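Printed here is query.cif (mmCIF, C-alpha atoms and all ligand atoms):
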```
data_start
#
loop_
_atom_site.label_atom_id
_atom_site.label_comp_id
_atom_site.auth_asym_id
_atom_site.auth_seq_id
_atom_site.Cartn_x
_atom_site.Cartn_y
_atom_site.Cartn_z
CA MET X 269 -57.45 -18.76 -11.71
CA PHE X 270 -57.08 -19.27 -15.45
CA LYS X 271 -56.13 -15.60 -15.73
CA LEU X 272 -53.38 -16.01 -13.12
CA ILE X 273 -51.88 -19.07 -14.83
CA LYS X 274 -51.89 -17.18 -18.10
CA LYS X 275 -50.09 -14.26 -16.46
CA VAL X 276 -47.46 -16.55 -14.89
CA LEU X 277 -46.76 -18.27 -18.20
CA LYS X 278 -46.47 -14.91 -19.91
CA THR X 279 -44.05 -13.47 -17.30
CA GLY X 280 -41.73 -16.49 -17.39
CA ASN X 281 -39.02 -17.37 -14.85
CA GLN X 282 -37.99 -14.31 -12.81
CA THR X 283 -35.66 -15.96 -10.26
CA VAL X 284 -32.16 -17.43 -10.54
CA ALA X 285 -31.09 -20.96 -9.67
CA TYR X 286 -28.28 -19.79 -7.33
CA PRO X 287 -26.68 -21.56 -5.44
CA ALA X 288 -27.53 -24.61 -7.59
CA SER X 289 -25.89 -22.83 -10.54
CA PRO X 290 -23.30 -20.00 -10.54
CA LEU X 291 -24.58 -16.45 -10.26
CA TYR X 292 -23.71 -13.90 -12.94
CA VAL X 293 -21.60 -11.12 -11.41
CA ASP X 294 -21.28 -7.76 -13.14
CA PRO X 295 -17.66 -7.04 -14.26
CA ASN X 296 -17.75 -3.77 -12.26
CA PHE X 297 -18.86 -5.49 -9.07
CA ARG X 298 -16.69 -4.60 -6.04
CA GLY X 299 -16.13 -7.81 -4.10
CA LYS X 300 -13.47 -9.13 -1.74
CA PRO X 301 -10.10 -7.31 -2.02
CA VAL X 302 -7.43 -9.74 -3.23
CA TYR X 303 -3.87 -9.08 -2.09
CA ASP X 304 -0.56 -10.17 -3.61
CA PRO X 305 2.31 -9.83 -1.08
CA HIS X 306 4.90 -10.35 -3.86
CA GLN X 307 3.69 -7.19 -5.59
CA CYS X 308 3.37 -5.21 -2.35
CA ILE X 309 6.19 -2.81 -1.37
CA ALA X 310 4.68 -2.03 2.07
CA CYS X 311 4.36 1.67 1.25
CA GLY X 312 1.24 2.02 3.42
CA ALA X 313 -0.73 4.07 0.87
CA CYS X 314 -3.69 1.67 1.08
CA ALA X 315 -3.76 1.85 4.90
CA ASN X 316 -3.76 5.66 4.74
CA ALA X 317 -6.60 5.68 2.23
CA CYS X 318 -8.79 3.01 3.84
CA PRO X 319 -11.76 4.85 5.41
CA SER X 320 -12.82 2.00 7.70
CA ASN X 321 -9.39 0.98 9.05
CA ALA X 322 -9.74 -2.45 7.50
CA LEU X 323 -6.13 -2.00 6.35
CA THR X 324 -3.41 -1.17 8.86
CA MET X 325 0.38 -1.04 9.01
CA ALA X 326 2.30 -1.62 12.24
CA THR X 327 6.02 -1.48 12.94
CA ASP X 328 7.63 -4.15 15.09
CA SER X 329 10.92 -2.51 16.08
CA GLU X 330 12.09 -5.55 18.06
CA ASN X 331 11.87 -7.92 15.10
CA GLY X 332 12.75 -5.23 12.56
CA THR X 333 9.61 -5.81 10.53
CA ILE X 334 6.61 -3.90 9.33
CA ARG X 335 3.28 -5.74 9.20
CA TRP X 336 0.58 -5.16 6.60
CA SER X 337 -2.83 -6.34 7.91
CA PHE X 338 -6.26 -6.63 6.41
CA PHE X 339 -9.48 -7.39 8.30
CA LEU X 340 -12.28 -8.28 5.90
CA GLY X 341 -14.90 -7.75 8.64
CA ARG X 342 -14.30 -4.00 8.46
CA CYS X 343 -14.11 -3.64 4.69
CA ILE X 344 -16.82 -1.56 3.01
CA PHE X 345 -15.66 -2.43 -0.55
CA CYS X 346 -15.05 1.18 -1.53
CA ALA X 347 -11.97 0.31 -3.67
CA ARG X 348 -9.87 3.23 -2.37
CA CYS X 349 -7.01 0.76 -1.70
CA GLU X 350 -7.05 -0.39 -5.32
CA GLU X 351 -7.04 3.22 -6.55
CA VAL X 352 -4.00 4.29 -4.54
CA CYS X 353 -1.82 1.17 -4.71
CA PRO X 354 1.21 2.01 -6.90
CA THR X 355 1.98 -1.63 -7.72
CA THR X 356 -1.53 -3.12 -8.18
CA ALA X 357 -0.86 -5.40 -5.22
CA ILE X 358 -4.47 -5.11 -4.05
CA ARG X 359 -7.50 -5.35 -6.31
CA LEU X 360 -11.18 -5.85 -5.70
CA SER X 361 -12.35 -9.17 -7.06
CA GLN X 362 -15.82 -10.42 -8.02
CA GLU X 363 -15.90 -12.73 -5.02
CA PHE X 364 -19.02 -12.19 -2.91
CA GLU X 365 -19.32 -15.43 -0.92
CA LEU X 366 -17.46 -14.23 2.17
CA ALA X 367 -18.78 -16.42 5.00
CA VAL X 368 -16.12 -18.12 7.16
CA TRP X 369 -16.25 -20.49 10.12
CA ARG X 370 -13.71 -18.66 12.27
CA LYS X 371 -13.20 -14.90 12.75
CA GLU X 372 -9.45 -15.45 12.33
CA ASP X 373 -10.09 -16.44 8.72
CA LEU X 374 -11.17 -12.85 8.00
CA TYR X 375 -7.61 -11.63 8.62
CA GLU X 376 -4.73 -11.48 6.17
CA ARG X 377 -1.20 -10.42 7.07
CA ALA X 378 2.22 -9.97 5.52
CA ASP X 379 5.54 -9.02 7.15
CA PHE X 380 8.26 -6.97 5.46
CA SER X 381 11.77 -6.18 6.65
CA ILE X 382 12.57 -2.64 7.70
CA CYS X 383 15.59 -0.65 6.61
CA HIS X 384 17.38 0.95 9.57
CA CYS X 385 18.94 4.36 9.00
CA ARG X 386 22.66 3.98 8.26
CA GLU X 387 23.48 6.93 10.53
CA CYS X 388 21.23 6.74 13.61
CA GLY X 389 20.11 3.10 13.31
CA LYS X 390 16.42 3.92 13.80
CA PRO X 391 13.79 2.02 11.78
CA TYR X 392 13.32 4.15 8.71
CA ALA X 393 11.32 2.62 5.81
CA PRO X 394 10.42 -0.80 4.37
CA GLN X 395 13.48 -2.16 2.57
CA LYS X 396 11.31 -3.24 -0.34
CA GLU X 397 10.02 0.30 -0.82
CA ILE X 398 13.55 1.72 -0.98
CA ASP X 399 14.63 -0.95 -3.47
CA TYR X 400 11.54 -0.22 -5.54
CA ALA X 401 12.26 3.55 -5.61
CA MET X 402 15.85 2.86 -6.71
CA ALA X 403 14.70 0.43 -9.39
CA LEU X 404 12.24 3.03 -10.72
CA LEU X 405 14.98 5.66 -10.94
CA GLN X 406 17.22 3.19 -12.77
CA GLN X 407 14.44 2.26 -15.15
CA SER X 408 13.72 5.90 -15.95
CA GLY X 409 17.41 6.51 -16.72
CA ASN X 410 17.96 8.88 -13.78
CA LEU X 411 20.28 6.50 -11.97
CA SER X 412 22.89 4.26 -13.56
CA GLU X 413 23.71 0.84 -12.13
CA SER X 414 27.08 2.01 -10.78
CA GLN X 415 25.53 5.16 -9.28
CA ALA X 416 22.84 3.06 -7.63
CA GLU X 417 25.37 1.19 -5.51
CA THR X 418 27.36 4.29 -4.55
CA ARG X 419 24.17 6.18 -3.65
CA ARG X 420 22.55 3.33 -1.73
CA ALA X 421 23.87 4.76 1.56
CA GLN X 422 22.09 8.04 0.79
CA PHE X 423 18.83 6.21 0.07
CA GLU X 424 19.15 4.28 3.31
CA THR X 425 19.60 7.36 5.50
CA CYS X 426 16.59 8.85 7.29
CA PRO X 427 15.46 12.44 6.51
CA SER X 428 16.60 13.94 9.84
CA CYS X 429 20.11 12.45 9.48
CA LYS X 430 20.24 13.73 5.90
CA GLN X 431 19.27 17.16 7.22
CA GLN X 432 22.05 16.99 9.80
CA GLN X 433 24.56 16.00 7.13
CA ASN X 434 23.52 18.98 5.00
CA LEU X 435 23.76 21.55 7.80
CA THR X 436 26.80 23.84 7.59
CA HIS X 437 28.59 24.07 10.89
CA SER X 438 28.38 27.60 12.38
CA ARG X 439 32.19 27.84 12.53
CA ARG X 440 32.30 27.50 8.76
CA ILE X 441 29.88 30.39 8.17
CA ASP X 442 31.85 33.56 7.44
CA VAL X 443 29.46 36.36 8.45
CA GLY X 444 32.26 38.92 8.18
CA ARG X 445 32.37 38.36 4.42
CA TYR X 446 28.91 39.89 4.08
CA LEU X 447 29.62 42.70 6.54
CA ASN X 448 32.76 43.71 4.62
CA ARG X 449 30.82 43.74 1.37
CA GLU X 450 28.21 46.09 2.92
CA ALA X 451 30.93 48.46 4.16
CA GLN X 452 32.48 48.84 0.67
S1 LIG Y 501 -12.11 -1.67 -0.23
FE1 LIG Y 501 -12.16 0.24 1.00
S2 LIG Y 501 -12.69 -0.45 3.06
FE2 LIG Y 501 -12.05 -2.28 1.92
S3 LIG Y 501 -9.87 -2.48 2.36
FE3 LIG Y 501 -10.02 -1.30 0.47
S4 LIG Y 501 -9.99 0.86 1.14
FE4 LIG Y 501 -10.46 -0.39 2.95
S1 LIG Y 502 -0.66 0.47 -1.38
FE1 LIG Y 502 -0.18 -1.46 -2.43
S2 LIG Y 502 2.06 -1.60 -2.27
FE2 LIG Y 502 1.42 -0.07 -0.77
S3 LIG Y 502 1.15 -1.26 1.16
FE3 LIG Y 502 -0.86 -1.19 0.14
S4 LIG Y 502 -0.94 -3.08 -1.08
FE4 LIG Y 502 1.19 -2.75 -0.53
#
```
Could you render the structure from this file as structure tokens?
Amino acid sequence: MFKLIKKVLKTGNQTVAYPASPLYVDPNFRGKPVYDPHQCIACGACANACPSNALTMATDSENGTIRWSFFLGRCIFCARCEEVCPTTAIRLSQEFELAVWRKEDLYERADFSICHCRECGKPYAPQKEIDYAMALLQQSGNLSESQAETRRAQFETCPSCKQQQNLTHSRRIDVGRYLNREAQ
């Protein structure tokens, strides 16, 4: 018995006082993903990268919105979303106390307006994403402020309509020109 007491005194306290006192969390700990809708451009990169489908994007054509959704119950804290987000809108925090009373509290959502193609009117891309791309081009000096406004229509046209606009009508293709050149 005396030996045991001696051993205990020598070893000291090996437990922590949590939850009576805060628990030390390593700076590299991957806890609850924290999302900032103001930073988000609704690009969907995080939803594409999320291996467990905790992050999803859904288009609501009727309301003209795109919804970003996060379900914490599916998250495996892999941090792929943080890695791929171009605007640091989602980051893993050190929060580990994740219990909630209602399942609904595990969900987080944000709605963004959709840009409709100027030609065909179909939902094309999140308006915020287009504005962000234009702002980046302006910032890098590849697009002046005056050009930005004149080229907005081009940015707000879907790829298939752009393709149609760039096609040369068959009546305007002069095949004979090439045939004559061959004959010479
Ligand atoms: S941490 Fe991983 S599982 Fe969780 S939301 Fe991000 S990508 Fe998905
Ligand atoms: S990757 Fe970032 S900016 Fe893109 S939808 Fe996800 S949180 Fe938003």
Return as a PyMOL selection string the residues of protein, DNA or RNA that approach ligand LIG 501 (chain Y) to within 9 Å, with only C-alpha atoms and all ligand atoms taken into account.
chain X and resi 298-301+314-323+338-340+342-352+358-360
Using all atoms listed in the file, which residues of the polymer chains come no farther than 7 Å from ligand LIG 502 (chain Y)? I'd like the answer as a PDB file with C-alpha atoms, keeping the file's coordinate frame.
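Result file pocket_22.pdb:
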```pdb
ATOM      1  CA  TYR X 303      -3.870  -9.080  -2.090  1.00  0.00           C
ATOM      2  CA  GLN X 307       3.690  -7.190  -5.590  1.00  0.00           C
ATOM      3  CA  CYS X 308       3.370  -5.210  -2.350  1.00  0.00           C
ATOM      4  CA  ILE X 309       6.190  -2.810  -1.370  1.00  0.00           C
ATOM      5  CA  ALA X 310       4.680  -2.030   2.070  1.00  0.00           C
ATOM      6  CA  CYS X 311       4.360   1.670   1.250  1.00  0.00           C
ATOM      7  CA  GLY X 312       1.240   2.020   3.420  1.00  0.00           C
ATOM      8  CA  ALA X 313      -0.730   4.070   0.870  1.00  0.00           C
ATOM      9  CA  CYS X 314      -3.690   1.670   1.080  1.00  0.00           C
ATOM     10  CA  ALA X 315      -3.760   1.850   4.900  1.00  0.00           C
ATOM     11  CA  TRP X 336       0.580  -5.160   6.600  1.00  0.00           C
ATOM     12  CA  CYS X 349      -7.010   0.760  -1.700  1.00  0.00           C
ATOM     13  CA  VAL X 352      -4.000   4.290  -4.540  1.00  0.00           C
ATOM     14  CA  CYS X 353      -1.820   1.170  -4.710  1.00  0.00           C
ATOM     15  CA  PRO X 354       1.210   2.010  -6.900  1.00  0.00           C
ATOM     16  CA  THR X 355       1.980  -1.630  -7.720  1.00  0.00           C
ATOM     17  CA  THR X 356      -1.530  -3.120  -8.180  1.00  0.00           C
ATOM     18  CA  ALA X 357      -0.860  -5.400  -5.220  1.00  0.00           C
ATOM     19  CA  ILE X 358      -4.470  -5.110  -4.050  1.00  0.00           C
TER      20      ILE X 358
END
```
When you draw a straight line from atom CA of X:His306 to atom CA of X:Asp399, how long is it in Å?
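Separating atom CA of X:His306 from atom CA of X:Asp399 is a distance of 13.5 Å.
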Just want the 8 Å neighbourhood of stretch 417-429 of chain X, counted on all atoms listed in the file, with same-chain residues fewer than 6 positions away dropped. Output as a PyMOL selection string.
chain X and resi 383-388+392+398
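With atom CA of X:Ser289 on one side and atom CA of X:Leu366 on the other, the separation reads 17.5 Å.
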Coordinates-based distance that separates atom CA of X:Glu376 from atom CA of X:Glu330 (Å, one decimal)
21.4 Å
Give me the box for stretch 282-288 of chain X as lines of an AutoDock Vina configuration file, namely the centre and edge lengths in Å to one decimal of a box along x, y and z that holds every listed atom plus 8 Å on each side.
```
center_x = -32.3
center_y = -19.5
center_z = -9.1
size_x = 27.3
size_y = 26.3
size_z = 23.4
```
May I have the residues within 12 Å of X:Thr327 as JSON, numbers by chain, using all atoms listed in the file and disregarding those fewer than 3 positions away in the same chain?
{"X": [310, 312, 324, 330, 331, 332, 333, 334, 335, 336, 337, 378, 379, 380, 381, 382, 383, 390, 391, 392, 393, 394]}
Select, counting only C-alpha atoms, all protein, DNA and RNA residues no farther than 10 Å from (-16.7, -6.7, -11.3) in file coordinates, and express the selection as a ChimeraX atom specification.
/X:293-299,360-363
